[in-house]
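Q: This is the structure I want to talk about, given as structure tokens.
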Amino acid sequence: MNQIHSASQPARVLVVDDHPNTANMLARAIAQLGPKVEVVSATSGRQALDCVKDGAVDILITDMIMPEMTGLELIEELQKHPAGRPTFSFLVTAYDVPGLKITARRLNVKEVLLKPIHPQRICQIVSSALDEMDRAKPSSEDLGTQKRFNILIADDKPDNITLLSRYIESEGLGYITARDGLETLEKVRSQCPDLVLLDINMPYKDGFEVLQEVRADPATQHIPVIILTAARLDAAEIQYGLNLGADDYVTKPFDRRELLARIRTKLRVKEAEDVIRRRNRELNLLPEIGRALSARLNIEELTTILLKRTAETLGAMLGYVIIFGSGKIYQKVYRLSAAAPTSAEGEKYSLPDGLLEAINSNPHGLIVDDISKDPLWQGTTDQLSRSAVVVPMFGSNHLLGILVLTNEQPNYFNLEHLLLLQAITSQASIGVENAQLYASLQREQQHLSAVLRNAADAILLFDATGCLSLINPAGEKLFTDYEAKLGKQLTVGAGYDSFLQLIDQARLSNASFSGEVAWPDKRVFSASITPVQEGGYVAVLHDVSRFKELEKVKDEFIAIASHDLKNPIAAISGFSQLLKQAGPLNEMQNDFVQRIQKASSNMSELVQNIVDLARIDLGAETKKDQVGLSDLLRELADEFKPQAQVKKHSLTIEEIESEVRVAGDAQQLRQALRNLIGNAIKYTPDGGVITLSLKLEANRAHISVRDTGYGIPPSEIPHVFDRFYRVQNNGHDHIEGNGLGLAIVKSIIEQHGGQVALESEAGKGSCFSVLLPLMQQSTVPVHELNCSNPGSGHDFRQLDNDEKSGFHISMESTK
């Protein structure tokens, strides 16, 4: 309820403006009214609430746009004050936007005042409010009872005032009067009339002086002025008056109908200009709302501000926003009642079922003049709303949400409301997208943080200068005797030089780099260094110490076991051969001896293969002798001719380059090629063709072994170089083998910095291709390697994805 003001006590006036100079200026002006007022000023809504803790105020004058709390929100808070709400509240704003006065009236605001406002007018408003309080008039009056236009008649002759007032009343216009220049200026500033009829010859200040001051004041310079005089009829004086800013110059005696026509014309012009000024103020409102929206990255805060500002600005009874995104629908309702606005957290608003479809058909928005008569809105639960405006919120390429405002009056919303809402929601859409992106970024950061915290591998991020910018808990545990500090480089000589060297290699090559790093505590890590787009690089270290130990134990066991197996196998083979010398054998005994000799031969070959692989795995140093591949290939062709003839194969050298030399171990290379040629003969049926070739290609020697044998199914090709692997279910399981021959080929070629590839098609044959760097050249990327096997389209470029490793294998079945 309103507080009771006592005439014996001064009325308490609270002035609130976020500009201290403005608040102080208005407070000083009101204080000039004397001891009947007690003036308090504040520069924010929070400060204003602190000022009234000990007692309520009688008159509140507050700015609309302020940080943290708007003027309407302050009025709402003061209406809940335990000592009583203000008797009169005045809202000062620079934005004469549609609906603001209606919103203010719901909160019992006495009047909405437009900036700029003269201190003299504030004093007059406060004085009138005090008079009303003394007369115990109602706290607010219907602002709509005033006449549409108010005209100031300024003339020192009472007869002239009487005559002009009668004319103006006959047109349905209101009027006020002034009898001298000073009174005219006071009423222009305090009451802002819609038009001034100004006489020239008046006491204290003549009409020209009054006109000059009116045009010099930003608060009054827009008011139209018609000079009406019988004394200044000279053309020069008429020109002078018009130059000072008079909108018209009428001399006495005048024709009544002509004068009234001129007045109506000026009022029409002013009305149109007022619309333009109001729209300019609306445009000035958009940056304010835009700044408030862009400062929020939380959907809850953003939608609250959006609903409050739009509902208050347009005089809506209810505001509703729905935001789509990330599989969720966010809803918020803001209801502005006569008592106080509320933001109901759990409140839901029932939207019409066909609204989304209607919005898709009308992407600019909808105005519903009467909800009760619109088929789209039938069945909604809101019984108070009579009209509505709906505006979609579009993102860069999709619908973000919908904003709905309703009013209790039919035909309330118009095109101006819709256009203003479109401008506001366009800014709100940017804010919503930013908020959604920010929320998505936060989720990704949380996921990344969880991954980094729980990753078993050490992860370190370095910036472009080599300084450590991120390290996960596993990475911190690596440095047991050294503190790795963010923003600092790792110190050289602290035991981590091999890691630093690997980082330098990645930085210099500007490419991903991997290798093994020995740690001061004897652990071994597999390190992967990868550049990042923003500059710098990320290092991932995986502890492989245990695997290294197991691998070493395995290799040593295989080497020892294989060596120890050679002696008994040799004894078995030797004694089986001596059996024939001990005496004659019958047919069955001869068969048993042959079986023993064949089995021991196979076992010996298997043991030898195991020993060879173990030697390679243990890192036995490879010789770097000069090896002539042309001669080596010819020797192998001669060596395998007897075996080929047994199966009636055609073994030929199709193409061979002379003087092709590589650096390596001749015995190992011979073994690798022997395995390939031997397999070609073994897995090619009688009467087949085996073709060998040697040519130069991209500074490398290209050796191919092609056959017309059984071929390999596509599903088996990726595994043929695995140890102990043999192609299954191909109908040729009777052919003996231990699955180590191709594994040895791969290991030997890898040790020599080369590459091997396979193309095969079941039923048509296979082509094994080997690339070795020439002796005078280092290993370079292979651009293309195609065997001439019919139907093959294999591109060897895909084999060189990891040149640094020295070996990469790609196998693809021909189609």
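Every chain in the structure tokens takes a letter, A first, then B, and so on in the order presented; its residues are numbered from 1, and the ligands are numbered from 1 following the presented order.
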Residues near region 167-180 of chain A, anyone? I mean within 10 Å using only C-alpha atoms, not counting same-chain ones fewer than 2 positions away, as a ChimeraX atom specification.
A: /A:146-158,161-165,182-188,191,193-207,210,256-257,259-260,263-264
Q: Can you write just those residues out, C-alpha atoms, as a CSV table (one decimal), in the first residue's frame?
A:
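To be explicit, this is the file written out as selection27.csv:
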```csv
chain,number,residue,atom,x,y,z
A,146,GLN,CA,-5.3,14.3,-21.8
A,147,LYS,CA,-6.2,15.9,-25.1
A,148,ARG,CA,-4.2,14.8,-28.1
A,149,PHE,CA,-2.4,18.1,-28.7
A,150,ASN,CA,-1.5,20.9,-26.4
A,151,ILE,CA,-0.8,24.4,-27.7
A,152,LEU,CA,0.9,27.2,-25.9
A,153,ILE,CA,-0.6,30.7,-26.6
A,154,ALA,CA,2.0,33.3,-25.7
A,155,ASP,CA,0.6,36.9,-25.9
A,156,ASP,CA,0.5,39.8,-23.5
A,157,LYS,CA,-3.0,40.9,-24.6
A,158,PRO,CA,-5.8,39.1,-22.7
A,161,ILE,CA,-5.5,35.0,-25.7
A,162,THR,CA,-9.3,34.7,-25.3
A,163,LEU,CA,-9.9,34.8,-29.0
A,164,LEU,CA,-7.1,32.3,-29.9
A,165,SER,CA,-8.2,29.9,-27.1
A,182,LEU,CA,9.9,34.5,-19.2
A,183,GLU,CA,6.6,32.7,-18.5
A,184,THR,CA,6.6,31.5,-22.1
A,185,LEU,CA,10.1,29.9,-21.7
A,186,GLU,CA,9.2,28.4,-18.3
A,187,LYS,CA,6.1,26.6,-19.7
A,188,VAL,CA,7.9,25.5,-22.9
A,191,GLN,CA,5.2,21.3,-20.2
A,193,PRO,CA,3.6,21.8,-25.7
A,194,ASP,CA,3.0,20.4,-29.2
A,195,LEU,CA,3.0,23.9,-30.8
A,196,VAL,CA,3.6,27.5,-29.7
A,197,LEU,CA,1.7,30.5,-31.0
A,198,LEU,CA,4.2,33.3,-30.2
A,199,ASP,CA,3.7,37.0,-30.1
A,200,ILE,CA,6.7,39.3,-30.7
A,201,ASN,CA,6.1,42.3,-28.4
A,202,MET,CA,6.0,40.9,-24.9
A,203,PRO,CA,7.4,42.1,-21.5
A,204,TYR,CA,10.8,40.9,-20.2
A,205,LYS,CA,11.8,39.0,-23.4
A,206,ASP,CA,10.3,39.6,-26.8
A,207,GLY,CA,9.3,36.8,-29.1
A,210,VAL,CA,12.2,33.5,-26.7
A,256,ARG,CA,-9.3,32.2,-38.8
A,257,ARG,CA,-9.6,29.4,-41.2
A,259,LEU,CA,-4.6,30.1,-39.2
A,260,LEU,CA,-6.3,26.9,-38.1
A,263,ILE,CA,-1.8,24.9,-37.2
A,264,ARG,CA,-3.2,21.6,-38.4
```
Q: Write out as a PyMOL selection string the residues lying within 10 Å of Ile677 (chain A), counting only C-alpha atoms and excluding same-chain residues fewer than 5 positions away.
A: chain A and resi 636-637+640+651+671-672+682+690-692+704-707+768
Q: Could you turn the residues from that selection into a file that holds N, CA, C and O atoms, as a PDB file, in the first residue's frame?
A:
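Final output, result05.pdb:
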```pdb
ATOM      1  N   LEU A 636      70.695 -66.504 -58.751  1.00  0.00           N
ATOM      2  CA  LEU A 636      69.530 -67.165 -58.156  1.00  0.00           C
ATOM      3  C   LEU A 636      68.668 -67.844 -59.224  1.00  0.00           C
ATOM      4  O   LEU A 636      68.095 -68.920 -58.983  1.00  0.00           O
ATOM      5  N   ALA A 637      68.571 -67.230 -60.403  1.00  0.00           N
ATOM      6  CA  ALA A 637      67.811 -67.853 -61.495  1.00  0.00           C
ATOM      7  C   ALA A 637      68.442 -69.181 -61.887  1.00  0.00           C
ATOM      8  O   ALA A 637      67.742 -70.181 -62.106  1.00  0.00           O
ATOM      9  N   PHE A 640      67.790 -71.903 -59.125  1.00  0.00           N
ATOM     10  CA  PHE A 640      66.455 -72.482 -59.007  1.00  0.00           C
ATOM     11  C   PHE A 640      65.957 -73.136 -60.293  1.00  0.00           C
ATOM     12  O   PHE A 640      64.840 -73.661 -60.310  1.00  0.00           O
ATOM     13  N   LEU A 651      61.102 -70.407 -65.911  1.00  0.00           N
ATOM     14  CA  LEU A 651      61.733 -69.426 -65.039  1.00  0.00           C
ATOM     15  C   LEU A 651      62.605 -68.520 -65.894  1.00  0.00           C
ATOM     16  O   LEU A 651      63.631 -68.955 -66.425  1.00  0.00           O
ATOM     17  N   GLN A 671      69.239 -64.450 -49.218  1.00  0.00           N
ATOM     18  CA  GLN A 671      68.244 -65.251 -48.514  1.00  0.00           C
ATOM     19  C   GLN A 671      66.826 -64.724 -48.760  1.00  0.00           C
ATOM     20  O   GLN A 671      65.895 -65.489 -48.984  1.00  0.00           O
ATOM     21  N   ALA A 672      66.664 -63.382 -48.724  1.00  0.00           N
ATOM     22  CA  ALA A 672      65.341 -62.790 -48.936  1.00  0.00           C
ATOM     23  C   ALA A 672      64.812 -63.124 -50.329  1.00  0.00           C
ATOM     24  O   ALA A 672      63.659 -63.547 -50.490  1.00  0.00           O
ATOM     25  N   LYS A 682      57.144 -73.088 -55.335  1.00  0.00           N
ATOM     26  CA  LYS A 682      56.389 -73.992 -54.481  1.00  0.00           C
ATOM     27  C   LYS A 682      54.881 -73.846 -54.688  1.00  0.00           C
ATOM     28  O   LYS A 682      54.147 -74.835 -54.692  1.00  0.00           O
ATOM     29  N   ILE A 690      57.277 -68.291 -63.961  1.00  0.00           N
ATOM     30  CA  ILE A 690      57.869 -67.403 -62.945  1.00  0.00           C
ATOM     31  C   ILE A 690      58.768 -66.429 -63.678  1.00  0.00           C
ATOM     32  O   ILE A 690      59.663 -66.842 -64.433  1.00  0.00           O
ATOM     33  N   THR A 691      58.525 -65.133 -63.437  1.00  0.00           N
ATOM     34  CA  THR A 691      59.273 -64.086 -64.143  1.00  0.00           C
ATOM     35  C   THR A 691      59.969 -63.192 -63.134  1.00  0.00           C
ATOM     36  O   THR A 691      59.337 -62.701 -62.184  1.00  0.00           O
ATOM     37  N   LEU A 692      61.274 -62.960 -63.345  1.00  0.00           N
ATOM     38  CA  LEU A 692      62.061 -62.064 -62.503  1.00  0.00           C
ATOM     39  C   LEU A 692      62.388 -60.807 -63.292  1.00  0.00           C
ATOM     40  O   LEU A 692      62.597 -60.857 -64.509  1.00  0.00           O
ATOM     41  N   SER A 704      61.125 -57.442 -58.919  1.00  0.00           N
ATOM     42  CA  SER A 704      59.799 -58.072 -58.846  1.00  0.00           C
ATOM     43  C   SER A 704      59.932 -59.566 -59.146  1.00  0.00           C
ATOM     44  O   SER A 704      60.717 -59.983 -59.989  1.00  0.00           O
ATOM     45  N   VAL A 705      59.125 -60.353 -58.411  1.00  0.00           N
ATOM     46  CA  VAL A 705      59.035 -61.799 -58.616  1.00  0.00           C
ATOM     47  C   VAL A 705      57.561 -62.093 -58.868  1.00  0.00           C
ATOM     48  O   VAL A 705      56.732 -61.992 -57.966  1.00  0.00           O
ATOM     49  N   ARG A 706      57.247 -62.449 -60.099  1.00  0.00           N
ATOM     50  CA  ARG A 706      55.854 -62.629 -60.484  1.00  0.00           C
ATOM     51  C   ARG A 706      55.625 -64.073 -60.917  1.00  0.00           C
ATOM     52  O   ARG A 706      56.453 -64.669 -61.605  1.00  0.00           O
ATOM     53  N   ASP A 707      54.474 -64.639 -60.486  1.00  0.00           N
ATOM     54  CA  ASP A 707      54.177 -66.024 -60.849  1.00  0.00           C
ATOM     55  C   ASP A 707      52.729 -66.139 -61.311  1.00  0.00           C
ATOM     56  O   ASP A 707      51.939 -65.197 -61.173  1.00  0.00           O
ATOM     57  N   PHE A 768      55.378 -60.110 -56.059  1.00  0.00           N
ATOM     58  CA  PHE A 768      56.077 -59.498 -54.930  1.00  0.00           C
ATOM     59  C   PHE A 768      57.060 -58.470 -55.477  1.00  0.00           C
ATOM     60  O   PHE A 768      57.847 -58.771 -56.373  1.00  0.00           O
TER      61      PHE A 768
END
```
Q: Extract, using only C-alpha atoms, all DNA, RNA and protein residues at most 12 Å from Leu72 (chain A), discarding same-chain residues fewer than 6 positions from it, and format them as a PDB file with N, CA and C atoms, in the first residue's frame.
A:
```pdb
ATOM      1  N   VAL A  16      17.441   8.763  -9.190  1.00  0.00           N
ATOM      2  CA  VAL A  16      18.381   7.689  -9.532  1.00  0.00           C
ATOM      3  C   VAL A  16      18.794   7.839 -10.993  1.00  0.00           C
ATOM      4  N   GLY A  45      20.574   1.077  -9.157  1.00  0.00           N
ATOM      5  CA  GLY A  45      19.417   0.536  -8.467  1.00  0.00           C
ATOM      6  C   GLY A  45      19.780  -0.040  -7.111  1.00  0.00           C
ATOM      7  N   LEU A  60       9.654   8.974  -6.568  1.00  0.00           N
ATOM      8  CA  LEU A  60      10.811   8.318  -7.188  1.00  0.00           C
ATOM      9  C   LEU A  60      10.960   8.823  -8.616  1.00  0.00           C
ATOM     10  N   ILE A  61      12.145   9.307  -8.946  1.00  0.00           N
ATOM     11  CA  ILE A  61      12.483   9.703 -10.316  1.00  0.00           C
ATOM     12  C   ILE A  61      13.698   8.872 -10.711  1.00  0.00           C
ATOM     13  N   THR A  62      13.512   7.926 -11.657  1.00  0.00           N
ATOM     14  CA  THR A  62      14.590   6.985 -11.986  1.00  0.00           C
ATOM     15  C   THR A  62      14.804   6.896 -13.482  1.00  0.00           C
ATOM     16  N   ASP A  63      16.065   6.742 -13.840  1.00  0.00           N
ATOM     17  CA  ASP A  63      16.417   6.492 -15.243  1.00  0.00           C
ATOM     18  C   ASP A  63      16.017   5.055 -15.591  1.00  0.00           C
ATOM     19  N   MET A  64      15.767   4.804 -16.879  1.00  0.00           N
ATOM     20  CA  MET A  64      15.334   3.473 -17.315  1.00  0.00           C
ATOM     21  C   MET A  64      16.518   2.523 -17.465  1.00  0.00           C
ATOM     22  N   ILE A  65      17.515   2.904 -18.252  1.00  0.00           N
ATOM     23  CA  ILE A  65      18.635   2.014 -18.559  1.00  0.00           C
ATOM     24  C   ILE A  65      19.770   2.278 -17.582  1.00  0.00           C
ATOM     25  N   MET A  66      20.042   1.296 -16.721  1.00  0.00           N
ATOM     26  CA  MET A  66      21.135   1.375 -15.755  1.00  0.00           C
ATOM     27  C   MET A  66      21.777  -0.002 -15.634  1.00  0.00           C
ATOM     28  N   LEU A  78      10.807  -1.395  -5.158  1.00  0.00           N
ATOM     29  CA  LEU A  78      10.321  -0.411  -4.185  1.00  0.00           C
ATOM     30  C   LEU A  78       8.840  -0.607  -3.879  1.00  0.00           C
ATOM     31  N   GLN A  79       8.096  -1.197  -4.817  1.00  0.00           N
ATOM     32  CA  GLN A  79       6.687  -1.466  -4.539  1.00  0.00           C
ATOM     33  C   GLN A  79       6.514  -2.546  -3.485  1.00  0.00           C
ATOM     34  N   SER A  89       5.811   7.592  -9.007  1.00  0.00           N
ATOM     35  CA  SER A  89       7.040   7.119  -9.657  1.00  0.00           C
ATOM     36  C   SER A  89       7.087   7.710 -11.054  1.00  0.00           C
ATOM     37  N   PHE A  90       8.253   8.257 -11.403  1.00  0.00           N
ATOM     38  CA  PHE A  90       8.461   8.832 -12.733  1.00  0.00           C
ATOM     39  C   PHE A  90       9.644   8.102 -13.375  1.00  0.00           C
ATOM     40  N   LEU A  91       9.443   7.667 -14.622  1.00  0.00           N
ATOM     41  CA  LEU A  91      10.469   6.923 -15.362  1.00  0.00           C
ATOM     42  C   LEU A  91      11.048   7.827 -16.442  1.00  0.00           C
ATOM     43  N   VAL A  92      12.361   8.017 -16.424  1.00  0.00           N
ATOM     44  CA  VAL A  92      13.048   8.866 -17.397  1.00  0.00           C
ATOM     45  C   VAL A  92      13.760   7.957 -18.403  1.00  0.00           C
ATOM     46  N   THR A  93      13.547   8.203 -19.685  1.00  0.00           N
ATOM     47  CA  THR A  93      14.155   7.347 -20.712  1.00  0.00           C
ATOM     48  C   THR A  93      14.478   8.150 -21.949  1.00  0.00           C
ATOM     49  N   LEU A 100       6.248   1.026 -23.962  1.00  0.00           N
ATOM     50  CA  LEU A 100       6.938   1.309 -22.709  1.00  0.00           C
ATOM     51  C   LEU A 100       6.008   2.007 -21.715  1.00  0.00           C
ATOM     52  N   LYS A 101       5.204   2.921 -22.215  1.00  0.00           N
ATOM     53  CA  LYS A 101       4.280   3.621 -21.321  1.00  0.00           C
ATOM     54  C   LYS A 101       3.244   2.664 -20.736  1.00  0.00           C
ATOM     55  N   ILE A 102       2.822   1.689 -21.552  1.00  0.00           N
ATOM     56  CA  ILE A 102       1.826   0.728 -21.058  1.00  0.00           C
ATOM     57  C   ILE A 102       2.452  -0.165 -19.995  1.00  0.00           C
ATOM     58  N   THR A 103       3.674  -0.591 -20.229  1.00  0.00           N
ATOM     59  CA  THR A 103       4.373  -1.379 -19.217  1.00  0.00           C
ATOM     60  C   THR A 103       4.540  -0.577 -17.936  1.00  0.00           C
ATOM     61  N   ALA A 104       4.906   0.696 -18.087  1.00  0.00           N
ATOM     62  CA  ALA A 104       5.077   1.561 -16.907  1.00  0.00           C
ATOM     63  C   ALA A 104       3.750   1.757 -16.178  1.00  0.00           C
ATOM     64  N   ARG A 105       2.685   1.889 -16.936  1.00  0.00           N
ATOM     65  CA  ARG A 105       1.374   2.098 -16.296  1.00  0.00           C
ATOM     66  C   ARG A 105       0.976   0.871 -15.478  1.00  0.00           C
ATOM     67  N   ARG A 106       1.327  -0.330 -15.951  1.00  0.00           N
ATOM     68  CA  ARG A 106       1.024  -1.530 -15.177  1.00  0.00           C
ATOM     69  C   ARG A 106       1.692  -1.492 -13.804  1.00  0.00           C
ATOM     70  N   LEU A 107       2.843  -0.817 -13.733  1.00  0.00           N
ATOM     71  CA  LEU A 107       3.576  -0.711 -12.473  1.00  0.00           C
ATOM     72  C   LEU A 107       3.253   0.585 -11.749  1.00  0.00           C
ATOM     73  N   ASN A 108       2.128   1.223 -12.139  1.00  0.00           N
ATOM     74  CA  ASN A 108       1.654   2.445 -11.467  1.00  0.00           C
ATOM     75  C   ASN A 108       2.639   3.607 -11.582  1.00  0.00           C
ATOM     76  N   VAL A 109       3.337   3.670 -12.719  1.00  0.00           N
ATOM     77  CA  VAL A 109       4.222   4.812 -12.964  1.00  0.00           C
ATOM     78  C   VAL A 109       3.363   6.015 -13.352  1.00  0.00           C
ATOM     79  N   VAL A 112       5.991   8.828 -17.927  1.00  0.00           N
ATOM     80  CA  VAL A 112       7.253   8.493 -18.584  1.00  0.00           C
ATOM     81  C   VAL A 112       7.797   9.765 -19.207  1.00  0.00           C
ATOM     82  N   LYS A 308      12.701  -9.793 -20.506  1.00  0.00           N
ATOM     83  CA  LYS A 308      12.427  -8.582 -19.727  1.00  0.00           C
ATOM     84  C   LYS A 308      12.431  -7.345 -20.610  1.00  0.00           C
ATOM     85  N   ARG A 309      13.480  -7.204 -21.403  1.00  0.00           N
ATOM     86  CA  ARG A 309      13.609  -5.993 -22.212  1.00  0.00           C
ATOM     87  C   ARG A 309      12.507  -5.906 -23.264  1.00  0.00           C
ATOM     88  N   ALA A 311       9.485  -7.461 -23.265  1.00  0.00           N
ATOM     89  CA  ALA A 311       8.170  -7.316 -22.645  1.00  0.00           C
ATOM     90  C   ALA A 311       7.977  -5.916 -22.093  1.00  0.00           C
ATOM     91  N   GLU A 312       8.988  -5.361 -21.429  1.00  0.00           N
ATOM     92  CA  GLU A 312       8.874  -4.017 -20.879  1.00  0.00           C
ATOM     93  C   GLU A 312       8.802  -2.965 -21.974  1.00  0.00           C
ATOM     94  N   THR A 313       9.589  -3.147 -23.010  1.00  0.00           N
ATOM     95  CA  THR A 313       9.647  -2.151 -24.073  1.00  0.00           C
ATOM     96  C   THR A 313       8.360  -2.114 -24.887  1.00  0.00           C
ATOM     97  N   GLY A 315       5.351  -3.356 -23.889  1.00  0.00           N
ATOM     98  CA  GLY A 315       4.126  -3.371 -23.106  1.00  0.00           C
ATOM     99  C   GLY A 315       3.426  -4.710 -23.119  1.00  0.00           C
ATOM    100  N   LEU A 336       4.446 -10.341 -16.859  1.00  0.00           N
ATOM    101  CA  LEU A 336       4.431  -8.995 -16.302  1.00  0.00           C
ATOM    102  C   LEU A 336       3.003  -8.680 -15.867  1.00  0.00           C
ATOM    103  N   ALA A 340       3.536  -7.036 -10.088  1.00  0.00           N
ATOM    104  CA  ALA A 340       4.986  -7.143 -10.271  1.00  0.00           C
ATOM    105  C   ALA A 340       5.279  -8.160 -11.341  1.00  0.00           C
ATOM    106  N   PRO A 341       6.373  -7.965 -12.096  1.00  0.00           N
ATOM    107  CA  PRO A 341       6.761  -8.969 -13.084  1.00  0.00           C
ATOM    108  C   PRO A 341       7.359 -10.178 -12.399  1.00  0.00           C
TER     109      PRO A 341
END
```
Q: Select, from A:Ser658, A:Asn243, A:Gln533, A:Ser693, the residue with the minimum atom-to-atom distance to Leu211 (chain A), counting only C-alpha atoms.
A: A:Asn243
Q: Pick out each residue of region 524-725 of chain A that DSSP on the backbone tags as helix (DSSP H, G or I); I need them as JSON, numbers by chain.
A: {"A": [545, 546, 547, 548, 549, 550, 551, 552, 553, 554, 555, 556, 557, 558, 559, 560, 561, 562, 563, 564, 565, 566, 567, 568, 569, 570, 571, 572, 573, 574, 575, 576, 577, 578, 579, 580, 581, 582, 587, 588, 589, 590, 591, 592, 593, 594, 595, 596, 597, 598, 599, 600, 601, 602, 603, 604, 605, 606, 607, 608, 609, 610, 611, 612, 613, 614, 615, 616, 617, 629, 630, 631, 632, 633, 634, 635, 636, 637, 638, 639, 640, 641, 642, 643, 644, 645, 646, 666, 667, 668, 669, 670, 671, 672, 673, 674, 675, 676, 677, 678, 679, 680, 681, 682, 717, 718, 719]}
Q: When DSSP works through the backbone of this structure, what residues of region 53-123 of chain A end up as strand (DSSP E), shown as a list in words?
A: Ile59, Leu60, Ile61, Thr62, Asp63, Phe88, Ser89, Phe90, Leu91, Val92, Thr93, Glu111, Val112, Leu113 and Leu114 of chain A
Q: Identify which of the residues A:Pro520, A:Pro35, A:Gly664, A:Gly365 lies closest to His417 (chain A), counting only C-alpha atoms when measuring atom-to-atom distances.
A: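 Checking each of A:Pro520, A:Pro35, A:Gly664, A:Gly365 against His417 (chain A), counting only C-alpha atoms, the winner is A:Gly365.
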Q: Which residue, A:Val39, A:Leu629, A:Ala762, A:Leu244, has the smallest gap to Met25 (chain A) when you use only C-alpha atoms?
A: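 Using only C-alpha atoms, the shortest distance to Met25 (chain A) belongs to A:Val39.
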Q: Which residues are close to Leu694 (chain A), i.e. within 12 Å by only C-alpha atoms, leaving aside same-chain residues fewer than 4 positions away? Reply as a list of chain:residue names.
A: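 The neighbour list is A:Gly628, A:Leu629, A:Ser630, A:Asp631, A:Leu632, A:Leu633, A:Arg634, A:Thr652, A:Ile653, A:Glu654, A:Glu655, A:Ile656, A:Glu657, A:Ser658, A:Glu659, A:Val660, A:Arg661, A:Arg700, A:Ala701, A:His702, A:Ile703, A:Ser704, A:Val705, A:Arg706, A:Ser769, A:Val770, A:Leu771, A:Leu772, A:Cys787.
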